[in-house]
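The block underneath contains the structure these notes are about, expressed in structure tokens.
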Amino acid sequence: MDFLRPADWEEALAAKAEHPTAVPIAGGTDVMVEINFGHRRPGYLMDLGRVGDLAEWEVGEDSVRLGAAVPYTRIMEHLSAELPGLALASHTVASPQIRNRGGVGGNLGTASPAGDAHPALLAAGAEVEAASVRGVRRIPIDAFYTGVKRNALEPDELIRAVHVAKADGPQQFSKVGTRNAMVIAVCAFGLALHPATRTVRTGIGSAAPTPVRAGAAEEFLNAVLEEGGFWENGKIVTPSAVKRFADLCAAACDPIDDVRGTADYRRHAVGVMARRTLTWTWESYRGARRTTEGAV
């Protein structure tokens with residue numbers, strides 16, 4: 001195995017163009033596990049640790065540009081207001097040591113359905129900034145996952161950043177694991193309310209070959225909220241609607257049986273998480289409305 005260590009971004013892109021099979025590494029929390037257990041033996045390993053701008057972020061008027069190697073700890077500490085769903089997901093990542101090293105770019109590059117960041121990124125409607133010597137493009141998160149541990153990157157491309165709209169409504173993330181820490185998700189669920197567009201988005205992790213959205217559940221809930229005037233009146237969503245939403249989220253799963261859980265359990269757990277996160281986010285939305293109305 002040869003080791004590449006570019007000094008800056010341009011050198012990294014040139015190295016990736018010359019060695020398309022080179023595996024990039026920043027935090028190393030995913031790649032090194034595979035190498036240490038003999039599951040992967042790349043011909044080239046590319047250390048991006050000297051590319052400083054990968055660990056930086058920019059908060060714009062409407063969105064956050066998050067460098068691919070920004071550690072989860074930094075997201076938790078500095079971006080919980082702008083990216084609440086992703087910050088909650090970051091809290092569940094492994095241990096403090098791994099949260100200090102790992103970043104969203106690693107989750108995206110590995111594209112494991114169990115990656116903790118994926119449900120939050122799907123719910124937020126993120127875009128992945130991919131670059132090569134040929135140029136830069138932004139890939140919608142819905143089109144990024146192409147198969148089991150496969151993504152839409154071309155062989156000569158590297159992930160430079162993720163663009164995520166600043167939250168305009170409550171967001172939640174929930175995860176089921178076999179213990180409370182240092183655990184790969186049995187399944188996970190993200191939910192984001194988008195009052196500006198009067199829509200709801202979801203993200204499901206570790207319950208299908210790829211991270212997925214519950215499209216039918218979103219369409220159902222969007223119609224319920226619109227037809228009932230819930231965005232304006234802030235009333236409690238009826239229990240029957242919440243249950244139907246949860247059932248549709250469970251139906252969106254295509255899980256497997258493995259050592260961490262059965263397919264039936266994963267479907268059940270996703271339904272429970274969908275019901276709970278909808279209840280939590282909608283109550284937060286109602287509370288914010290009451291506060292705003294009381295201040296007027």
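Chains: A, B, ... in order of the structure tokens. Residues: from 1 per chain. Ligands: from 1, in order shown.
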Compile a residue-level contact table for stretch 37-156 of chain A against stretch 191-214 of chain A at a cut-off of 12 Å, reporting for every qualifying residue the shortest atom pair and its distance in Å to one decimal, with only C-alpha atoms counted, rows ordered by chain and ascending number, as JSON lines.
```
{"residue": "A:Asp62", "atom": "CA", "partner": "A:Ala196", "partner_atom": "CA", "distance": 11.8}
{"residue": "A:Leu83", "atom": "CA", "partner": "A:Ala192", "partner_atom": "CA", "distance": 10.3}
{"residue": "A:Pro84", "atom": "CA", "partner": "A:Ala192", "partner_atom": "CA", "distance": 9.3}
{"residue": "A:Gly85", "atom": "CA", "partner": "A:Ala192", "partner_atom": "CA", "distance": 7.3}
{"residue": "A:Leu86", "atom": "CA", "partner": "A:Ala192", "partner_atom": "CA", "distance": 10.4}
{"residue": "A:Leu88", "atom": "CA", "partner": "A:Leu191", "partner_atom": "CA", "distance": 11.2}
{"residue": "A:Ala89", "atom": "CA", "partner": "A:Leu191", "partner_atom": "CA", "distance": 11.2}
{"residue": "A:Asn107", "atom": "CA", "partner": "A:Pro211", "partner_atom": "CA", "distance": 11.2}
{"residue": "A:Leu108", "atom": "CA", "partner": "A:Pro211", "partner_atom": "CA", "distance": 10.5}
{"residue": "A:Thr110", "atom": "CA", "partner": "A:Thr210", "partner_atom": "CA", "distance": 11.3}
{"residue": "A:Ala111", "atom": "CA", "partner": "A:Thr210", "partner_atom": "CA", "distance": 7.7}
{"residue": "A:Ser112", "atom": "CA", "partner": "A:Thr210", "partner_atom": "CA", "distance": 7.1}
{"residue": "A:Pro113", "atom": "CA", "partner": "A:Thr210", "partner_atom": "CA", "distance": 4.8}
{"residue": "A:Ala114", "atom": "CA", "partner": "A:Ser206", "partner_atom": "CA", "distance": 4.3}
{"residue": "A:Gly115", "atom": "CA", "partner": "A:Gly205", "partner_atom": "CA", "distance": 7.1}
{"residue": "A:Asp116", "atom": "CA", "partner": "A:Gly205", "partner_atom": "CA", "distance": 7.3}
{"residue": "A:Ala117", "atom": "CA", "partner": "A:Gly205", "partner_atom": "CA", "distance": 8.8}
{"residue": "A:His118", "atom": "CA", "partner": "A:Pro211", "partner_atom": "CA", "distance": 6.3}
{"residue": "A:Pro119", "atom": "CA", "partner": "A:Gly203", "partner_atom": "CA", "distance": 3.9}
{"residue": "A:Ala120", "atom": "CA", "partner": "A:Gly203", "partner_atom": "CA", "distance": 6.3}
{"residue": "A:Leu121", "atom": "CA", "partner": "A:Gly203", "partner_atom": "CA", "distance": 7.5}
{"residue": "A:Leu122", "atom": "CA", "partner": "A:Gly203", "partner_atom": "CA", "distance": 5.1}
{"residue": "A:Ala123", "atom": "CA", "partner": "A:Thr202", "partner_atom": "CA", "distance": 4.5}
{"residue": "A:Ala124", "atom": "CA", "partner": "A:Ala192", "partner_atom": "CA", "distance": 6.2}
{"residue": "A:Gly125", "atom": "CA", "partner": "A:Arg201", "partner_atom": "CA", "distance": 7.7}
{"residue": "A:Ala126", "atom": "CA", "partner": "A:Arg201", "partner_atom": "CA", "distance": 11.3}
{"residue": "A:Ile141", "atom": "CA", "partner": "A:Pro211", "partner_atom": "CA", "distance": 9.9}
{"residue": "A:Asp142", "atom": "CA", "partner": "A:Val212", "partner_atom": "CA", "distance": 8.0}
{"residue": "A:Ala143", "atom": "CA", "partner": "A:Val212", "partner_atom": "CA", "distance": 10.3}
{"residue": "A:Phe144", "atom": "CA", "partner": "A:Pro211", "partner_atom": "CA", "distance": 9.7}
{"residue": "A:Tyr145", "atom": "CA", "partner": "A:Thr210", "partner_atom": "CA", "distance": 6.3}
{"residue": "A:Thr146", "atom": "CA", "partner": "A:Thr210", "partner_atom": "CA", "distance": 7.4}
{"residue": "A:Gly147", "atom": "CA", "partner": "A:Thr210", "partner_atom": "CA", "distance": 5.9}
{"residue": "A:Val148", "atom": "CA", "partner": "A:Pro209", "partner_atom": "CA", "distance": 5.2}
{"residue": "A:Lys149", "atom": "CA", "partner": "A:Thr210", "partner_atom": "CA", "distance": 7.4}
{"residue": "A:Arg150", "atom": "CA", "partner": "A:Thr210", "partner_atom": "CA", "distance": 8.5}
{"residue": "A:Asn151", "atom": "CA", "partner": "A:Thr210", "partner_atom": "CA", "distance": 9.5}
```
(request) Identify all residues of stretch 92-255 of chain A in alpha helix (DSSP H) (DSSP on the backbone) and supply them as a ChimeraX atom specification. (result) /A:96-101,104-110,117-124,215-227,230-233,239-251
(message) Give me the residues near A:Ala14 as a list in words, where near means some atom within 8 Å (using only C-alpha atoms) and where sequence neighbours in that chain fewer than 4 positions away do not count.
(response)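 Using only C-alpha atoms, the neighbours found are Glu10, Glu18, Ser132 and Val133 of chain A.
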Output of the above residues as a PDB file, in the first residue's frame, restricted to N, CA, C and O atoms:
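Once everything was written out, this is out_4.pdb:
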```
ATOM      1  N   GLU A  10      -5.361  21.486  -4.315  1.00  0.00           N
ATOM      2  CA  GLU A  10      -5.007  21.287  -5.715  1.00  0.00           C
ATOM      3  C   GLU A  10      -4.123  20.058  -5.879  1.00  0.00           C
ATOM      4  O   GLU A  10      -4.289  19.274  -6.827  1.00  0.00           O
ATOM      5  N   GLU A  18      -4.461  11.191 -10.871  1.00  0.00           N
ATOM      6  CA  GLU A  18      -3.403  10.266 -11.274  1.00  0.00           C
ATOM      7  C   GLU A  18      -3.637   8.863 -10.718  1.00  0.00           C
ATOM      8  O   GLU A  18      -3.285   7.863 -11.363  1.00  0.00           O
ATOM      9  N   SER A 132     -12.994  17.671  -8.801  1.00  0.00           N
ATOM     10  CA  SER A 132     -11.914  16.968  -9.472  1.00  0.00           C
ATOM     11  C   SER A 132     -11.138  18.006 -10.269  1.00  0.00           C
ATOM     12  O   SER A 132     -11.475  19.199 -10.269  1.00  0.00           O
ATOM     13  N   VAL A 133     -10.099  17.566 -10.952  1.00  0.00           N
ATOM     14  CA  VAL A 133      -9.353  18.508 -11.795  1.00  0.00           C
ATOM     15  C   VAL A 133     -10.226  19.009 -12.939  1.00  0.00           C
ATOM     16  O   VAL A 133      -9.914  20.023 -13.572  1.00  0.00           O
TER      17      VAL A 133
END
```
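Between A:Ala167 and the candidates A:Asp30, A:Glu82, A:Glu232, A:Glu61, the tightest atom-to-atom separation, counting only C-alpha atoms, involves A:Glu82.
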(request) Would you please work out which residue, of A:Gln172, A:Gly38, A:Gly52, A:Phe3, is nearest to A:Ser90 when using only C-alpha atoms? (result) A:Gln172
(message) From the options A:Asp156, A:Glu127, A:Asp47, A:Glu58, which residue's atoms come nearest to A:Thr21, counting only C-alpha atoms?
(response)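 Of A:Asp156, A:Glu127, A:Asp47, A:Glu58, the one nearest A:Thr21, counting only C-alpha atoms, is A:Asp156.
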Contacts of A:Gly60 at 10 Å (only C-alpha atoms; same-chain gap of 5+ positions) as a tab-separated table (two decimals) with all heavy atoms, in the first residue's frame:
```tsv
chain	number	residue	atom	x	y	z
A	65	ARG	N	-21.99	25.96	4.59
A	65	ARG	CA	-21.07	25.14	3.79
A	65	ARG	C	-20.13	24.47	4.79
A	65	ARG	O	-19.30	25.12	5.41
A	65	ARG	CB	-20.28	25.99	2.81
A	65	ARG	CG	-19.33	25.19	1.91
A	65	ARG	CD	-18.52	26.10	1.00
A	65	ARG	NE	-17.64	25.34	0.13
A	65	ARG	CZ	-16.43	24.89	0.47
A	65	ARG	NH1	-15.96	25.14	1.69
A	65	ARG	NH2	-15.69	24.20	-0.39
A	165	ALA	N	-29.05	23.70	4.07
A	165	ALA	CA	-29.86	24.88	4.38
A	165	ALA	C	-29.99	25.05	5.89
A	165	ALA	O	-30.16	24.07	6.62
A	165	ALA	CB	-31.23	24.75	3.74
A	166	LYS	N	-29.90	26.29	6.35
A	166	LYS	CA	-30.10	26.56	7.78
A	166	LYS	C	-31.53	26.20	8.16
A	166	LYS	O	-32.47	26.48	7.43
A	166	LYS	CB	-29.80	28.03	8.07
A	166	LYS	CG	-28.34	28.40	7.87
A	166	LYS	CD	-28.12	29.90	7.79
A	166	LYS	CE	-28.40	30.60	9.08
A	166	LYS	NZ	-28.03	32.05	8.99
```
(message) Using only C-alpha atoms, can you tell me which of A:Tyr265, A:Leu79, A:Phe220, A:Leu225 comes closest to A:Arg244?
(response)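 Nearest candidate to A:Arg244 out of A:Tyr265, A:Leu79, A:Phe220, A:Leu225: A:Phe220.
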Compile the contact shell of stretch 180-185 of chain A as a CSV table (one decimal) with N, CA, C and O atoms, in the first residue's frame: residues with an atom at most 6 Å away, counting only C-alpha atoms, same-chain residues fewer than 4 positions apart removed.
```csv
chain,number,residue,atom,x,y,z
A,94,ALA,N,-20.3,7.2,18.1
A,94,ALA,CA,-19.3,6.5,18.8
A,94,ALA,C,-18.9,7.2,20.1
A,94,ALA,O,-19.7,7.4,21.0
A,95,SER,N,-17.6,7.6,20.2
A,95,SER,CA,-17.0,8.1,21.5
A,95,SER,C,-16.5,9.5,21.2
A,95,SER,O,-16.4,10.0,20.1
A,114,ALA,N,-25.6,2.6,7.6
A,114,ALA,CA,-25.6,2.8,9.1
A,114,ALA,C,-24.9,4.1,9.5
A,114,ALA,O,-24.9,4.4,10.7
A,176,VAL,N,-31.5,3.8,17.3
A,176,VAL,CA,-31.6,2.6,18.1
A,176,VAL,C,-30.3,1.8,18.0
A,176,VAL,O,-29.8,1.6,16.9
```
Give me, as a compact mmCIF listing (two decimals) with N, CA and C atoms, in the first residue's frame, all polymer residues having an atom no more than 8 Å from A:Trp57, counting only C-alpha atoms and skipping those fewer than 4 positions away in the same chain.
```
# COMPACT_ATOMS: atom_id res chain seq x y z
N VAL A 64 -25.33 26.59 5.28
CA VAL A 64 -24.01 26.35 5.85
C VAL A 64 -23.21 25.51 4.86
N ARG A 65 -21.99 25.96 4.59
CA ARG A 65 -21.07 25.14 3.79
C ARG A 65 -20.13 24.47 4.79
N LEU A 66 -20.29 23.17 4.92
CA LEU A 66 -19.59 22.39 5.94
C LEU A 66 -18.46 21.61 5.28
N GLY A 67 -17.22 21.94 5.63
CA GLY A 67 -16.08 21.21 5.10
C GLY A 67 -16.19 19.72 5.40
N VAL A 70 -14.82 18.60 8.84
CA VAL A 70 -15.18 19.27 10.10
C VAL A 70 -15.58 18.19 11.11
```
(request) Provide the atom CA of A:Ala188 to atom CA of A:Arg289 distance in Å, to one decimal place. (result)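 Separation of atom CA of A:Ala188 and atom CA of A:Arg289: 28.2 Å.
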(message) Excluding A:Thr238 and its own-chain neighbours fewer than 3 positions away, which residues fall within 12 Å of it when counting only C-alpha atoms? Please give them as a list in words.
(response)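 The residues that qualify are Leu221, Val224, Leu225, Gly228, Phe230, Gly234, Lys235, Ala241, Val242, Lys243, Arg244, Phe245, Arg275, Leu278, Thr279 and Trp282 of chain A.
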Any chance you can output those residues with N, CA and C atoms as a PDB file, in the first residue's frame?
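Saved as again39.pdb:
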```pdb
ATOM      1  N   LEU A 221     -48.191  13.213   5.117  1.00  0.00           N
ATOM      2  CA  LEU A 221     -48.173  14.222   6.171  1.00  0.00           C
ATOM      3  C   LEU A 221     -48.254  15.634   5.592  1.00  0.00           C
ATOM      4  N   VAL A 224     -51.878  16.238   4.926  1.00  0.00           N
ATOM      5  CA  VAL A 224     -52.628  16.416   6.170  1.00  0.00           C
ATOM      6  C   VAL A 224     -52.413  17.818   6.735  1.00  0.00           C
ATOM      7  N   LEU A 225     -51.153  18.254   6.797  1.00  0.00           N
ATOM      8  CA  LEU A 225     -50.840  19.558   7.374  1.00  0.00           C
ATOM      9  C   LEU A 225     -51.423  20.691   6.525  1.00  0.00           C
ATOM     10  N   GLY A 228     -55.470  20.563   6.612  1.00  0.00           N
ATOM     11  CA  GLY A 228     -56.001  20.928   7.921  1.00  0.00           C
ATOM     12  C   GLY A 228     -55.592  22.307   8.398  1.00  0.00           C
ATOM     13  N   PHE A 230     -52.756  23.218   9.431  1.00  0.00           N
ATOM     14  CA  PHE A 230     -51.963  23.070  10.651  1.00  0.00           C
ATOM     15  C   PHE A 230     -50.788  24.041  10.721  1.00  0.00           C
ATOM     16  N   GLY A 234     -51.505  25.765  14.061  1.00  0.00           N
ATOM     17  CA  GLY A 234     -50.651  25.173  15.081  1.00  0.00           C
ATOM     18  C   GLY A 234     -51.339  24.169  15.976  1.00  0.00           C
ATOM     19  N   LYS A 235     -52.421  23.561  15.482  1.00  0.00           N
ATOM     20  CA  LYS A 235     -53.125  22.577  16.301  1.00  0.00           C
ATOM     21  C   LYS A 235     -52.336  21.275  16.405  1.00  0.00           C
ATOM     22  N   ALA A 241     -53.447  10.449  12.339  1.00  0.00           N
ATOM     23  CA  ALA A 241     -52.519  10.898  11.308  1.00  0.00           C
ATOM     24  C   ALA A 241     -51.080  10.563  11.690  1.00  0.00           C
ATOM     25  N   VAL A 242     -50.759  10.736  12.970  1.00  0.00           N
ATOM     26  CA  VAL A 242     -49.414  10.396  13.433  1.00  0.00           C
ATOM     27  C   VAL A 242     -49.151   8.907  13.234  1.00  0.00           C
ATOM     28  N   LYS A 243     -50.137   8.066  13.567  1.00  0.00           N
ATOM     29  CA  LYS A 243     -49.975   6.625  13.411  1.00  0.00           C
ATOM     30  C   LYS A 243     -49.807   6.251  11.942  1.00  0.00           C
ATOM     31  N   ARG A 244     -50.601   6.863  11.066  1.00  0.00           N
ATOM     32  CA  ARG A 244     -50.485   6.550   9.648  1.00  0.00           C
ATOM     33  C   ARG A 244     -49.120   6.967   9.113  1.00  0.00           C
ATOM     34  N   PHE A 245     -48.642   8.109   9.547  1.00  0.00           N
ATOM     35  CA  PHE A 245     -47.301   8.557   9.149  1.00  0.00           C
ATOM     36  C   PHE A 245     -46.251   7.541   9.597  1.00  0.00           C
ATOM     37  N   ARG A 275     -42.974   8.146  14.913  1.00  0.00           N
ATOM     38  CA  ARG A 275     -44.062   8.697  15.736  1.00  0.00           C
ATOM     39  C   ARG A 275     -43.516   9.660  16.782  1.00  0.00           C
ATOM     40  N   LEU A 278     -41.956  12.958  15.177  1.00  0.00           N
ATOM     41  CA  LEU A 278     -43.010  13.853  14.694  1.00  0.00           C
ATOM     42  C   LEU A 278     -43.677  14.558  15.869  1.00  0.00           C
ATOM     43  N   THR A 279     -43.958  13.818  16.930  1.00  0.00           N
ATOM     44  CA  THR A 279     -44.568  14.434  18.118  1.00  0.00           C
ATOM     45  C   THR A 279     -43.664  15.515  18.695  1.00  0.00           C
ATOM     46  N   TRP A 282     -43.288  18.601  16.134  1.00  0.00           N
ATOM     47  CA  TRP A 282     -44.510  19.397  15.994  1.00  0.00           C
ATOM     48  C   TRP A 282     -44.812  20.170  17.276  1.00  0.00           C
TER      49      TRP A 282
END
```
(request) From the DSSP assignment of the backbone, select every residue of stretch 22-221 of chain A that is strand (DSSP E), and format the answer as a PyMOL selection string. (result) chain A and resi 23-25+44-47+57-59+63-67+127-132+135-140+145-147+150-151+158-165+171-176+187-194+199-205
